[in-house]
file entry26.csv (CSV, C-alpha atoms and all ligand atoms)
chain,number,residue,atom,x,y,z
F,24,MET,CA,96.0,72.9,111.5
F,25,LYS,CA,97.8,74.9,114.2
F,26,GLY,CA,101.2,76.1,113.2
F,27,GLN,CA,101.1,74.8,109.7
F,28,LYS,CA,98.0,76.1,107.8
F,29,PHE,CA,96.3,79.4,107.8
F,30,LEU,CA,93.1,79.6,109.8
F,31,PRO,CA,90.6,81.3,107.5
F,32,TYR,CA,87.6,83.4,108.7
F,33,GLY,CA,85.4,80.9,106.9
F,34,ILE,CA,85.7,77.9,104.5
F,35,GLN,CA,83.5,75.2,103.0
F,36,ASP,CA,83.0,71.7,104.4
F,37,ILE,CA,82.9,69.1,101.6
F,38,ASP,CA,82.8,65.4,102.2
F,39,GLU,CA,82.7,62.2,100.1
F,40,GLU,CA,78.9,62.3,99.9
F,41,ASP,CA,79.1,65.8,98.3
F,42,ILE,CA,81.7,64.6,95.8
F,43,ASN,CA,79.5,61.6,94.9
F,44,ALA,CA,76.5,63.8,94.3
F,45,VAL,CA,78.4,66.0,91.9
F,46,SER,CA,79.9,63.0,90.2
F,47,HIS,CA,76.4,61.6,89.7
F,48,ALA,CA,75.3,64.9,88.1
F,49,LEU,CA,78.2,64.8,85.8
F,50,ASN,CA,77.3,61.3,84.7
F,51,SER,CA,73.6,62.2,84.1
F,52,ASP,CA,72.0,63.6,80.9
F,53,PHE,CA,71.6,67.0,82.3
F,54,LEU,CA,74.4,69.3,83.3
F,55,THR,CA,72.0,72.3,83.5
F,56,THR,CA,68.2,73.0,83.4
F,57,GLY,CA,67.6,69.3,84.5
F,58,PRO,CA,65.8,67.5,87.3
F,59,LYS,CA,68.5,68.3,89.9
F,60,VAL,CA,67.6,72.0,89.8
F,61,LYS,CA,63.9,71.2,90.5
F,62,LYS,CA,64.9,68.8,93.3
F,63,PHE,CA,67.2,71.4,95.0
F,64,GLU,CA,64.4,74.0,94.8
F,65,GLU,CA,61.9,71.6,96.4
F,66,HIS,CA,64.3,70.7,99.2
F,67,PHE,CA,65.1,74.3,99.8
F,68,SER,CA,61.4,75.3,100.0
F,69,GLU,CA,60.9,72.4,102.4
F,70,PHE,CA,63.7,73.5,104.6
F,71,THR,CA,62.8,77.2,104.6
F,72,ASN,CA,59.1,76.6,104.7
F,73,ALA,CA,58.6,79.0,101.8
F,74,LYS,CA,56.2,78.3,99.0
F,75,TYR,CA,58.6,79.0,96.2
F,76,THR,CA,62.3,78.8,95.7
F,77,ILE,CA,64.0,80.1,92.5
F,78,SER,CA,67.6,79.0,92.3
F,79,CYS,CA,70.0,81.2,90.5
F,80,SER,CA,73.6,81.7,89.7
F,81,ASN,CA,74.6,83.5,92.9
F,82,GLY,CA,73.4,85.7,95.8
F,83,THR,CA,73.8,88.9,93.8
F,84,ALA,CA,71.6,87.5,91.0
F,85,ALA,CA,69.1,86.5,93.7
F,86,LEU,CA,69.0,90.1,94.9
F,87,HIS,CA,68.7,91.4,91.4
F,88,LEU,CA,65.8,89.0,90.6
F,89,ALA,CA,63.9,90.1,93.7
F,90,CYS,CA,64.4,93.8,92.6
F,91,LEU,CA,63.2,92.9,89.1
F,92,ALA,CA,60.1,91.1,90.5
F,93,ILE,CA,58.9,94.2,92.2
F,94,GLY,CA,59.5,96.2,89.0
F,95,LEU,CA,62.2,98.6,90.5
F,96,LYS,CA,63.1,101.3,88.0
F,97,GLU,CA,64.8,104.6,87.5
F,98,GLY,CA,63.5,107.1,90.0
F,99,ASP,CA,62.6,104.5,92.7
F,100,TRP,CA,64.5,104.4,96.0
F,101,VAL,CA,65.3,101.5,98.2
F,102,ILE,CA,66.6,101.6,101.8
F,103,VAL,CA,69.6,99.4,102.6
F,104,PRO,CA,71.8,99.2,105.7
F,105,SER,CA,75.3,100.6,105.1
F,106,ILE,CA,76.9,97.6,106.9
F,107,THR,CA,76.5,94.9,104.3
F,108,PHE,CA,78.2,93.4,101.3
F,109,LEU,CA,78.3,95.6,98.2
F,110,ALA,CA,75.9,93.4,96.3
F,111,THR,CA,72.9,94.4,98.5
F,112,ALA,CA,73.1,97.9,97.3
F,113,ASN,CA,74.4,97.2,93.8
F,114,ALA,CA,71.3,95.0,92.9
F,115,ILE,CA,69.2,98.2,93.2
F,116,ARG,CA,71.5,100.1,90.9
F,117,PHE,CA,71.3,97.2,88.3
F,118,CYS,CA,67.6,98.3,88.0
F,119,GLY,CA,68.5,101.9,87.6
F,120,ALA,CA,66.9,102.7,91.0
F,121,GLU,CA,68.6,104.6,93.9
F,122,VAL,CA,70.0,103.5,97.2
F,123,LEU,CA,69.1,105.3,100.5
F,124,PHE,CA,71.7,104.1,103.0
F,125,CYS,CA,70.3,103.5,106.5
F,126,ASP,CA,72.3,103.5,109.8
F,127,VAL,CA,72.7,100.4,111.9
F,128,ASP,CA,73.0,99.7,115.6
F,129,GLU,CA,76.6,100.4,116.7
F,130,LYS,CA,76.6,97.2,118.8
F,131,THR,CA,75.0,94.7,116.5
F,132,GLY,CA,75.5,96.2,113.0
F,133,LEU,CA,71.9,95.5,112.3
F,134,MET,CA,69.2,97.8,110.9
F,135,THR,CA,66.7,98.6,113.7
F,136,PRO,CA,63.1,99.8,113.5
F,137,ALA,CA,64.3,103.2,114.9
F,138,ALA,CA,67.0,103.6,112.2
F,139,LEU,CA,64.5,102.6,109.5
F,140,LYS,CA,62.0,105.2,110.7
F,141,LYS,CA,64.7,107.8,110.5
F,142,ALA,CA,65.7,106.9,107.0
F,143,ILE,CA,62.0,107.0,105.9
F,144,SER,CA,61.4,110.4,107.4
F,145,HIS,CA,64.5,111.6,105.6
F,146,ALA,CA,63.2,110.2,102.4
F,147,LYS,CA,59.8,111.9,102.9
F,148,LYS,CA,61.4,115.3,103.5
F,149,LYS,CA,63.2,114.9,100.2
F,150,ASN,CA,60.2,113.6,98.4
F,151,LEU,CA,61.9,110.4,97.4
F,152,VAL,CA,59.8,107.7,95.8
F,153,LEU,CA,60.4,104.8,98.2
F,154,LYS,CA,59.6,101.3,97.1
F,155,ALA,CA,61.3,98.8,99.3
F,156,VAL,CA,63.6,98.0,102.2
F,157,ILE,CA,66.4,95.4,102.0
F,158,THR,CA,67.5,94.3,105.4
F,159,VAL,CA,70.5,92.1,106.3
F,160,HIS,CA,70.8,89.4,109.0
F,161,LEU,CA,74.4,90.4,109.5
F,162,THR,CA,76.7,87.5,110.6
F,163,GLY,CA,73.5,85.4,110.9
F,164,LYS,CA,71.8,87.3,113.7
F,165,PRO,CA,68.2,87.9,112.6
F,166,VAL,CA,67.1,91.5,112.6
F,167,ASN,CA,63.8,92.6,114.2
F,168,LEU,CA,61.7,91.5,111.3
F,169,ARG,CA,58.4,92.1,113.1
F,170,GLY,CA,59.3,95.6,113.9
F,171,LEU,CA,60.7,96.4,110.4
F,172,LYS,CA,57.6,94.8,108.8
F,173,MET,CA,55.2,97.0,110.8
F,174,ILE,CA,57.0,100.1,109.5
F,175,CYS,CA,57.1,98.8,106.0
F,176,ASP,CA,53.4,98.2,106.0
F,177,GLN,CA,52.7,101.7,107.3
F,178,HIS,CA,54.6,103.1,104.3
F,179,ASP,CA,53.6,100.6,101.7
F,180,LEU,CA,57.1,99.3,101.3
F,181,VAL,CA,58.2,95.8,100.2
F,182,LEU,CA,60.5,94.1,102.8
F,183,ILE,CA,63.3,92.0,101.4
F,184,SER,CA,65.7,90.1,103.6
F,185,ASP,CA,69.2,89.6,102.2
F,186,SER,CA,69.6,86.3,104.2
F,187,CYS,CA,73.0,85.4,102.7
F,188,HIS,CA,74.4,85.1,106.2
F,189,ALA,CA,71.5,83.5,108.0
F,190,LEU,CA,70.5,80.1,106.5
F,191,GLY,CA,69.7,77.7,109.3
F,192,GLY,CA,68.5,80.4,111.7
F,193,VAL,CA,65.0,80.5,113.2
F,194,TYR,CA,62.9,83.6,113.8
F,195,ASP,CA,59.5,83.7,115.5
F,196,ARG,CA,59.3,79.9,115.2
F,197,SER,CA,59.9,80.0,111.4
F,198,PRO,CA,63.1,79.2,109.5
F,199,ILE,CA,64.9,82.1,108.0
F,200,GLY,CA,63.7,82.2,104.4
F,201,SER,CA,60.1,81.3,105.2
F,202,CYS,CA,58.9,84.8,104.2
F,203,LYS,CA,56.6,85.0,107.2
F,204,TYR,CA,57.4,88.8,107.3
F,205,GLU,CA,59.1,89.5,104.0
F,206,GLY,CA,58.2,89.5,100.3
F,207,PHE,CA,61.5,87.8,99.5
F,208,ASN,CA,64.5,86.2,101.0
F,209,THR,CA,67.8,85.9,99.1
F,210,PHE,CA,70.6,83.4,99.7
F,211,SER,CA,74.1,82.8,98.4
F,212,PHE,CA,75.9,79.4,98.2
F,213,HIS,CA,79.4,80.9,97.9
F,214,PRO,CA,82.0,78.6,99.6
F,215,VAL,CA,82.2,80.8,102.7
F,216,LYS,CA,78.4,80.7,103.3
F,217,ALA,CA,76.4,78.2,105.4
F,218,ILE,CA,76.1,75.7,102.6
F,219,THR,CA,77.9,75.9,99.2
F,220,SER,CA,77.3,74.9,95.6
F,221,GLY,CA,80.5,76.5,94.4
F,222,GLU,CA,78.7,79.5,93.2
F,223,GLY,CA,74.9,79.6,93.5
F,224,GLY,CA,72.0,81.5,95.0
F,225,ALA,CA,68.3,81.4,95.6
F,226,VAL,CA,65.3,83.6,96.2
F,227,THR,CA,62.3,82.4,98.3
F,228,THR,CA,58.9,83.9,98.2
F,229,ASN,CA,55.3,83.0,98.9
F,230,ASN,CA,54.0,85.1,96.0
F,231,GLU,CA,53.2,83.0,93.0
F,232,LYS,CA,53.3,85.8,90.5
F,233,HIS,CA,56.6,87.1,91.7
F,234,ALA,CA,58.0,83.5,91.7
F,235,GLU,CA,56.8,83.0,88.1
F,236,LYS,CA,58.4,86.3,87.0
F,237,MET,CA,61.7,85.5,88.6
F,238,ARG,CA,61.7,82.0,87.1
F,239,ILE,CA,61.2,83.4,83.6
F,240,MET,CA,63.7,86.3,84.0
F,241,ARG,CA,66.5,84.1,85.2
F,242,SER,CA,66.5,82.4,81.8
F,243,HIS,CA,66.3,85.2,79.2
F,244,SER,CA,62.6,85.8,79.9
F,245,MET,CA,62.1,83.1,77.3
F,246,GLU,CA,58.6,81.5,77.5
F,247,ARG,CA,58.2,78.3,75.5
F,248,ALA,CA,54.9,77.1,74.1
F,249,ASP,CA,54.1,73.9,75.7
F,250,SER,CA,52.0,72.2,73.1
F,251,ASP,CA,53.3,69.3,71.0
F,252,ASN,CA,52.9,71.0,67.7
F,253,ASN,CA,54.8,74.2,68.4
F,254,TRP,CA,57.3,73.2,71.1
F,255,TRP,CA,60.1,74.9,69.1
F,256,THR,CA,58.5,78.4,69.4
F,257,TYR,CA,59.1,80.8,72.2
F,258,LYS,CA,58.2,84.3,73.2
F,259,MET,CA,60.2,87.1,75.0
F,260,ASP,CA,58.0,89.7,76.6
F,261,SER,CA,60.6,91.4,78.8
F,262,LEU,CA,64.3,91.7,79.1
F,263,GLY,CA,65.8,88.6,80.8
F,264,TYR,CA,69.1,87.3,82.0
F,265,ASN,CA,71.0,84.1,82.2
F,266,TYR,CA,71.0,83.6,86.0
F,267,ARG,CA,70.6,79.8,86.1
F,268,MET,CA,72.1,77.5,88.6
F,269,SER,CA,73.4,74.3,86.9
F,270,ASP,CA,72.5,70.7,87.8
F,271,ILE,CA,76.1,70.2,88.9
F,272,GLN,CA,75.7,73.0,91.4
F,273,CYS,CA,72.2,72.0,92.5
F,274,ALA,CA,73.5,68.4,93.1
F,275,LEU,CA,76.1,69.8,95.5
F,276,GLY,CA,73.5,72.2,97.0
F,277,THR,CA,71.1,69.4,97.8
F,278,SER,CA,73.8,67.3,99.3
F,279,GLN,CA,75.1,70.2,101.4
F,280,LEU,CA,71.6,71.1,102.6
F,281,LYS,CA,71.2,67.7,104.2
F,282,LYS,CA,74.1,68.7,106.6
F,283,ILE,CA,72.9,72.2,107.5
F,284,ASP,CA,71.7,71.3,111.0
F,285,ARG,CA,75.0,69.7,111.9
F,286,PHE,CA,76.8,72.8,110.4
F,287,VAL,CA,74.7,75.2,112.5
F,288,THR,CA,75.1,73.1,115.6
F,289,LYS,CA,78.8,72.9,115.3
F,290,LYS,CA,79.1,76.7,114.8
F,291,GLU,CA,76.8,77.3,117.7
F,292,SER,CA,79.2,75.3,120.0
F,293,LEU,CA,82.2,77.2,118.6
F,294,VAL,CA,80.5,80.5,119.2
F,295,GLU,CA,79.6,79.5,122.8
F,296,LEU,CA,83.2,78.5,123.5
F,297,TYR,CA,84.6,81.7,122.0
F,298,ASN,CA,82.2,83.8,124.1
F,299,ILE,CA,83.3,82.0,127.3
F,300,LYS,CA,87.0,82.2,126.5
F,301,LEU,CA,87.0,85.8,125.3
F,302,LYS,CA,85.0,87.1,128.1
F,303,GLU,CA,88.0,88.1,130.2
F,304,LEU,CA,89.0,90.6,127.5
F,305,THR,CA,86.0,92.8,128.0
F,306,PRO,CA,85.6,95.7,127.7
F,307,VAL,CA,88.5,96.0,125.2
F,308,LEU,CA,86.9,93.2,123.2
F,309,THR,CA,83.2,92.6,123.1
F,310,THR,CA,81.7,89.3,122.0
F,311,PRO,CA,78.7,89.4,119.7
F,312,VAL,CA,75.3,90.3,121.0
F,313,PHE,CA,73.3,87.1,120.6
F,314,ARG,CA,69.7,88.3,120.4
F,315,ASP,CA,68.8,91.7,119.1
F,316,ASN,CA,65.1,91.0,119.9
F,317,GLU,CA,62.9,88.5,121.7
F,318,LEU,CA,61.7,86.6,118.6
F,319,VAL,CA,65.1,85.2,117.7
F,320,ASP,CA,64.9,81.5,118.3
F,321,ARG,CA,68.2,80.3,116.7
F,322,VAL,CA,71.1,82.1,115.1
F,323,GLY,CA,72.6,80.4,112.0
F,324,TRP,CA,76.1,81.8,112.8
F,325,HIS,CA,77.9,82.7,109.6
F,326,LEU,CA,80.6,84.9,111.1
F,327,TYR,CA,82.0,85.4,114.5
F,328,SER,CA,82.5,89.2,114.6
F,329,VAL,CA,83.8,90.8,117.7
F,330,LEU,CA,84.1,94.5,118.5
F,331,ILE,CA,87.5,95.8,119.5
F,332,ASP,CA,88.1,99.2,121.1
F,333,PHE,CA,91.3,99.9,119.1
F,334,ASN,CA,91.4,103.4,120.6
F,335,LYS,CA,91.7,102.0,124.1
F,336,LEU,CA,94.2,99.4,122.9
F,337,LYS,CA,96.4,102.0,121.2
F,338,ILE,CA,96.9,99.7,118.3
F,339,THR,CA,95.4,100.3,114.8
F,340,LYS,CA,93.1,97.7,113.3
F,341,GLU,CA,95.6,97.3,110.5
F,342,SER,CA,98.4,96.3,112.8
F,343,PHE,CA,96.1,94.0,114.8
F,344,ILE,CA,95.1,92.2,111.7
F,345,ILE,CA,98.8,91.9,110.6
F,346,LYS,CA,99.9,90.6,114.0
F,347,LEU,CA,97.3,87.8,113.7
F,348,MET,CA,98.3,87.2,110.1
F,349,GLU,CA,101.8,86.6,111.2
F,350,LYS,CA,100.4,83.9,113.5
F,351,LYS,CA,98.6,82.4,110.5
F,352,ILE,CA,95.2,83.6,111.6
F,353,ARG,CA,93.3,85.3,108.8
F,354,THR,CA,90.6,87.7,110.0
F,355,GLN,CA,88.3,89.9,107.9
F,356,VAL,CA,86.2,93.1,108.3
F,357,HIS,CA,82.5,92.7,107.6
F,358,TYR,CA,82.1,95.3,106.4
F,359,MET,CA,83.5,98.6,105.3
F,360,PRO,CA,80.4,100.9,105.1
F,361,VAL,CA,79.0,100.7,101.6
F,362,HIS,CA,78.1,104.5,101.7
F,363,LEU,CA,81.8,105.2,101.9
F,364,GLN,CA,82.7,103.4,98.7
F,365,PRO,CA,83.9,105.8,96.0
F,366,TYR,CA,81.1,104.9,93.6
F,367,TYR,CA,78.4,105.7,96.1
F,368,LYS,CA,80.1,108.7,97.5
F,369,ARG,CA,80.3,110.2,94.0
F,370,ARG,CA,76.6,109.4,93.5
F,371,TYR,CA,75.1,110.6,96.8
F,372,GLY,CA,77.8,112.8,98.4
F,373,SER,CA,78.7,112.4,102.1
F,374,VAL,CA,76.1,110.7,104.2
F,375,ARG,CA,76.2,110.8,108.1
F,376,LEU,CA,75.8,107.3,109.5
F,377,PRO,CA,77.5,107.3,112.9
F,378,GLY,CA,76.3,103.8,114.0
F,379,ALA,CA,77.7,102.2,110.8
F,380,ASN,CA,81.0,104.1,111.0
F,381,SER,CA,81.5,103.0,114.7
F,382,TYR,CA,80.6,99.4,114.0
F,383,ALA,CA,82.8,99.2,111.0
F,384,TYR,CA,85.7,100.7,112.9
F,385,LYS,CA,85.5,98.2,115.7
F,386,THR,CA,84.4,95.0,114.0
F,387,LEU,CA,86.6,92.1,113.2
F,388,SER,CA,85.6,88.6,112.1
F,389,LEU,CA,87.6,85.7,113.7
F,390,PRO,CA,87.9,82.2,112.2
F,391,LEU,CA,84.6,80.3,112.3
F,392,PHE,CA,84.1,77.2,110.2
F,393,THR,CA,82.6,73.8,110.7
F,394,LYS,CA,85.9,71.9,110.5
F,395,MET,CA,87.5,74.2,113.1
F,396,GLU,CA,88.7,72.3,116.1
F,397,VAL,CA,88.7,73.3,119.7
F,398,ALA,CA,92.5,73.5,119.6
F,399,ASP,CA,92.3,75.9,116.6
F,400,LEU,CA,89.9,78.1,118.6
F,401,GLU,CA,92.1,78.0,121.7
F,402,TYR,CA,95.0,79.0,119.5
F,403,VAL,CA,93.1,82.1,118.2
F,404,VAL,CA,92.1,83.1,121.7
F,405,GLU,CA,95.6,82.7,122.9
F,406,GLN,CA,97.1,84.9,120.1
F,407,ILE,CA,94.4,87.6,120.6
F,408,THR,CA,95.0,87.6,124.3
F,409,ASN,CA,98.7,88.1,123.7
F,410,ILE,CA,98.1,91.2,121.7
F,411,ILE,CA,95.5,92.7,124.0
F,412,LYS,CA,97.0,92.0,127.4
P,501,LIG,C1,77.7,86.7,99.9
P,501,LIG,C2,76.7,87.8,100.0
P,501,LIG,C3,76.1,88.3,98.9
P,501,LIG,C4,76.4,88.0,97.5
P,501,LIG,O1,76.4,86.6,97.2
P,501,LIG,P1,77.2,86.1,95.9
P,501,LIG,O2,76.8,84.6,95.8
P,501,LIG,O3,78.7,86.2,96.2
P,501,LIG,O4,76.8,86.9,94.7
P,501,LIG,C5,75.1,89.3,99.1
P,501,LIG,N1,74.8,89.8,100.3
P,501,LIG,C6,75.4,89.3,101.4
P,501,LIG,C7,75.1,89.9,102.7
P,501,LIG,C8,76.4,88.3,101.3
P,501,LIG,O5,77.1,87.9,102.4

call {"tool": "encode", "arguments": {"input": "entry26.csv", "output": "structure tokens"}}
result
Amino acid sequence: MKGQKFLPYGIQDIDEEDINAVSHALNSDFLTTGPKVKKFEEHFSEFTNAKYTISCSNGTAALHLACLAIGLKEGDWVIVPSITFLATANAIRFCGAEVLFCDVDEKTGLMTPAALKKAISHAKKKNLVLKAVITVHLTGKPVNLRGLKMICDQHDLVLISDSCHALGGVYDRSPIGSCKYEGFNTFSFHPVKAITSGEGGAVTTNNEKHAEKMRIMRSHSMERADSDNNWWTYKMDSLGYNYRMSDIQCALGTSQLKKIDRFVTKKESLVELYNIKLKELTPVLTTPVFRDNELVDRVGWHLYSVLIDFNKLKITKESFIIKLMEKKIRTQVHYMPVHLQPYYKRRYGSVRLPGANSYAYKTLSLPLFTKMEVADLEYVVEQITNIIK
């Protein structure tokens, strides 16, 4: 790859077996709403150890379905960390509810119990009707779920994990997605994520009623009679969507899920190597903090995000990114704080979140993908060292 192709910050890993699985789906009777959807959901439940998996068209739809399941509506408020992808906040707005942005730890970018407490006390002062908290395992690092759950219970809030970065991780001896602490976990199978189905997503939950509601709502809220005499009739009791994942996508998802352990292991070894090789650049560059709390058993690394002290370097982030781009290394910023997006600024005015601002200013995601070779990694380290030293 070196010298010829761009090194991306993340990319899919598709093999012959995946292609055969998709081809098999294309040759079957069902391109959508068929047996491969059910099969994928069963495999996903088995892998995450959750009772129910509802597959859907993407990670954003997964978040929306979880918000719909708890009946979010106008006047309700949900707490979300400002360092996340736009969709985490947007899903709340799809329901007409409001977003209360929460600060994050400036070193990990994660929502901490202390930050959550602060957001809740702010909400209480303003008499906001709080309903839920959506937390994010940013870059794959599990948040302090036990700590957050304790606070959510005290205030009667539903805890939802946006686990789009974290598939393959293990927290408190349970796979991410198990819903040991949360009401819902949401996943995305976009090509840059841990496994891909092209586009695709899923919600896991252990609550049967919520599972049923999401299953109905992802397909127009259309409930069919199941008797032989009136199989052609159906009923719509609430407003639904078309958020289905197709059999073609599920075939790819099932095939990819078989490889998740290898994917996670490969990324773990790349992260370890990065950490060793980048160590000499501290304190200008800080490698990611591995474990935010003692219950993290395994990190399903999605991104390798380092913190760079651009002030000390006397180089702007923009020129740092461009310098690497000139060397065919594509980096990315995860993320620009969502509370600073024009849409949210117009809606909520200016919000003071110093941890989020500091993290966003310093963070940069370096290439990390399963097909990355040691030589690629060494090349990235070499180019970064050239800029910093
Ligand atoms: C990718 C991602 C989403 C959205 O998933 P899509 O499948 O692209 O809709 C939501 N939240 C986080 C944290 C993500 O990384």

call {"tool": "closest_atom_pairs", "arguments": {"input": "entry26.csv", "of": "chain F", "to": "ligand LIG 501 (chain P)", "cutoff": "7 Å", "atoms": "only C-alpha atoms and all ligand atoms", "output": "CSV"}}
result
residue,atom,partner,partner_atom,distance
F:Asn81,CA,P:LIG501,O2,3.8
F:Gly82,CA,P:LIG501,O1,3.4
F:Thr83,CA,P:LIG501,O4,3.7
F:Ala84,CA,P:LIG501,O4,6.4
F:Thr107,CA,P:LIG501,C7,5.4
F:Phe108,CA,P:LIG501,C7,4.9
F:Ala110,CA,P:LIG501,C5,5.0
F:Thr111,CA,P:LIG501,N1,5.3
F:Val159,CA,P:LIG501,C7,6.2
F:Leu161,CA,P:LIG501,C7,6.9
F:Asp185,CA,P:LIG501,N1,5.9
F:Ser186,CA,P:LIG501,C7,6.7
F:Cys187,CA,P:LIG501,C8,4.7
F:His188,CA,P:LIG501,O5,5.4
F:Ser211,CA,P:LIG501,O2,4.2
F:Phe212,CA,P:LIG501,O2,5.8
F:His213,CA,P:LIG501,O2,5.0
F:Lys216,CA,P:LIG501,C1,6.9
F:Glu222,CA,P:LIG501,O2,6.0
F:Gly223,CA,P:LIG501,O2,5.8
F:Gly224,CA,P:LIG501,O2,5.8

call {"tool": "residues_near_point", "arguments": {"input": "entry26.csv", "point": "(76.9, 99.6, 117.8)", "cutoff": "12 Å", "atoms": "only C-alpha atoms", "output": "ChimeraX atom specification"}}
result
/F:106,126-135,309,311-312,315,329-332,376-386

call {"tool": "write_last_selection", "arguments": {"input": "entry26.csv", "atoms": "C-alpha atoms", "output": "PDB file, keeping the file's coordinate frame"}}
result
ATOM      1  CA  ILE F 106      76.900  97.600 106.900  1.00  0.00           C
ATOM      2  CA  ASP F 126      72.300 103.500 109.800  1.00  0.00           C
ATOM      3  CA  VAL F 127      72.700 100.400 111.900  1.00  0.00           C
ATOM      4  CA  ASP F 128      73.000  99.700 115.600  1.00  0.00           C
ATOM      5  CA  GLU F 129      76.600 100.400 116.700  1.00  0.00           C
ATOM      6  CA  LYS F 130      76.600  97.200 118.800  1.00  0.00           C
ATOM      7  CA  THR F 131      75.000  94.700 116.500  1.00  0.00           C
ATOM      8  CA  GLY F 132      75.500  96.200 113.000  1.00  0.00           C
ATOM      9  CA  LEU F 133      71.900  95.500 112.300  1.00  0.00           C
ATOM     10  CA  MET F 134      69.200  97.800 110.900  1.00  0.00           C
ATOM     11  CA  THR F 135      66.700  98.600 113.700  1.00  0.00           C
ATOM     12  CA  THR F 309      83.200  92.600 123.100  1.00  0.00           C
ATOM     13  CA  PRO F 311      78.700  89.400 119.700  1.00  0.00           C
ATOM     14  CA  VAL F 312      75.300  90.300 121.000  1.00  0.00           C
ATOM     15  CA  ASP F 315      68.800  91.700 119.100  1.00  0.00           C
ATOM     16  CA  VAL F 329      83.800  90.800 117.700  1.00  0.00           C
ATOM     17  CA  LEU F 330      84.100  94.500 118.500  1.00  0.00           C
ATOM     18  CA  ILE F 331      87.500  95.800 119.500  1.00  0.00           C
ATOM     19  CA  ASP F 332      88.100  99.200 121.100  1.00  0.00           C
ATOM     20  CA  LEU F 376      75.800 107.300 109.500  1.00  0.00           C
ATOM     21  CA  PRO F 377      77.500 107.300 112.900  1.00  0.00           C
ATOM     22  CA  GLY F 378      76.300 103.800 114.000  1.00  0.00           C
ATOM     23  CA  ALA F 379      77.700 102.200 110.800  1.00  0.00           C
ATOM     24  CA  ASN F 380      81.000 104.100 111.000  1.00  0.00           C
ATOM     25  CA  SER F 381      81.500 103.000 114.700  1.00  0.00           C
ATOM     26  CA  TYR F 382      80.600  99.400 114.000  1.00  0.00           C
ATOM     27  CA  ALA F 383      82.800  99.200 111.000  1.00  0.00           C
ATOM     28  CA  TYR F 384      85.700 100.700 112.900  1.00  0.00           C
ATOM     29  CA  LYS F 385      85.500  98.200 115.700  1.00  0.00           C
ATOM     30  CA  THR F 386      84.400  95.000 114.000  1.00  0.00           C
TER      31      THR F 386
END

call {"tool": "residues_near_point", "arguments": {"input": "entry26.csv", "point": "(57.9, 95.4, 101.3)", "cutoff": "9 Å", "atoms": "all atoms listed in the file", "output": "list in words"}}
result
Lys154, Ala155, Val156, Ile157, Lys172, Cys175, Asp176, His178, Asp179, Leu180, Val181, Leu182, Ile183, Tyr204, Glu205, Gly206 and Phe207 of chain F

call {"tool": "write_last_selection", "arguments": {"input": "entry26.csv", "atoms": "C-alpha atoms", "output": "PDB file, in the frame of the given file"}}
result
ATOM      1  CA  LYS F 154      59.600 101.300  97.100  1.00  0.00           C
ATOM      2  CA  ALA F 155      61.300  98.800  99.300  1.00  0.00           C
ATOM      3  CA  VAL F 156      63.600  98.000 102.200  1.00  0.00           C
ATOM      4  CA  ILE F 157      66.400  95.400 102.000  1.00  0.00           C
ATOM      5  CA  LYS F 172      57.600  94.800 108.800  1.00  0.00           C
ATOM      6  CA  CYS F 175      57.100  98.800 106.000  1.00  0.00           C
ATOM      7  CA  ASP F 176      53.400  98.200 106.000  1.00  0.00           C
ATOM      8  CA  HIS F 178      54.600 103.100 104.300  1.00  0.00           C
ATOM      9  CA  ASP F 179      53.600 100.600 101.700  1.00  0.00           C
ATOM     10  CA  LEU F 180      57.100  99.300 101.300  1.00  0.00           C
ATOM     11  CA  VAL F 181      58.200  95.800 100.200  1.00  0.00           C
ATOM     12  CA  LEU F 182      60.500  94.100 102.800  1.00  0.00           C
ATOM     13  CA  ILE F 183      63.300  92.000 101.400  1.00  0.00           C
ATOM     14  CA  TYR F 204      57.400  88.800 107.300  1.00  0.00           C
ATOM     15  CA  GLU F 205      59.100  89.500 104.000  1.00  0.00           C
ATOM     16  CA  GLY F 206      58.200  89.500 100.300  1.00  0.00           C
ATOM     17  CA  PHE F 207      61.500  87.800  99.500  1.00  0.00           C
TER      18      PHE F 207
END

call {"tool": "residues_around", "arguments": {"input": "entry26.csv", "residues": "Gly276 (chain F)", "least_positions_apart": "2", "cutoff": "7 Å", "atoms": "all atoms listed in the file", "output": "count of residues only"}}
result
9

call {"tool": "atom_distance", "arguments": {"input": "entry26.csv", "atom1": "CA of Leu109 (chain F)", "atom2": "CA of Thr209 (chain F)"}}
result
14.3 Å

call {"tool": "residues_around", "arguments": {"input": "entry26.csv", "residues": "region 342-347 of chain F", "least_positions_apart": "5", "cutoff": "9 Å", "atoms": "all atoms listed in the file", "output": "PDB file with C-alpha atoms, in the frame of the given file"}}
result
ATOM      1  CA  PHE F 333      91.300  99.900 119.100  1.00  0.00           C
ATOM      2  CA  ILE F 352      95.200  83.600 111.600  1.00  0.00           C
ATOM      3  CA  ARG F 353      93.300  85.300 108.800  1.00  0.00           C
ATOM      4  CA  THR F 354      90.600  87.700 110.000  1.00  0.00           C
ATOM      5  CA  GLN F 355      88.300  89.900 107.900  1.00  0.00           C
ATOM      6  CA  LEU F 387      86.600  92.100 113.200  1.00  0.00           C
ATOM      7  CA  VAL F 403      93.100  82.100 118.200  1.00  0.00           C
ATOM      8  CA  GLN F 406      97.100  84.900 120.100  1.00  0.00           C
ATOM      9  CA  ILE F 407      94.400  87.600 120.600  1.00  0.00           C
ATOM     10  CA  ILE F 410      98.100  91.200 121.700  1.00  0.00           C
TER      11      ILE F 410
END

call {"tool": "residues_around", "arguments": {"input": "entry26.csv", "residues": "Thr71 (chain F)", "least_positions_apart": "5", "cutoff": "6 Å", "atoms": "all atoms listed in the file", "output": "VMD selection string"}}
result
chain F and resid 198 200 to 201

call {"tool": "write_last_selection", "arguments": {"input": "entry26.csv", "atoms": "C-alpha atoms", "output": "mmCIF file, keeping the file's coordinate frame"}}
result
data_model
loop_
_atom_site.group_PDB
_atom_site.id
_atom_site.type_symbol
_atom_site.label_atom_id
_atom_site.label_comp_id
_atom_site.auth_asym_id
_atom_site.auth_seq_id
_atom_site.Cartn_x
_atom_site.Cartn_y
_atom_site.Cartn_z
ATOM 1 C CA PRO F 198 63.100 79.200 109.500
ATOM 2 C CA GLY F 200 63.700 82.200 104.400
ATOM 3 C CA SER F 201 60.100 81.300 105.200
#
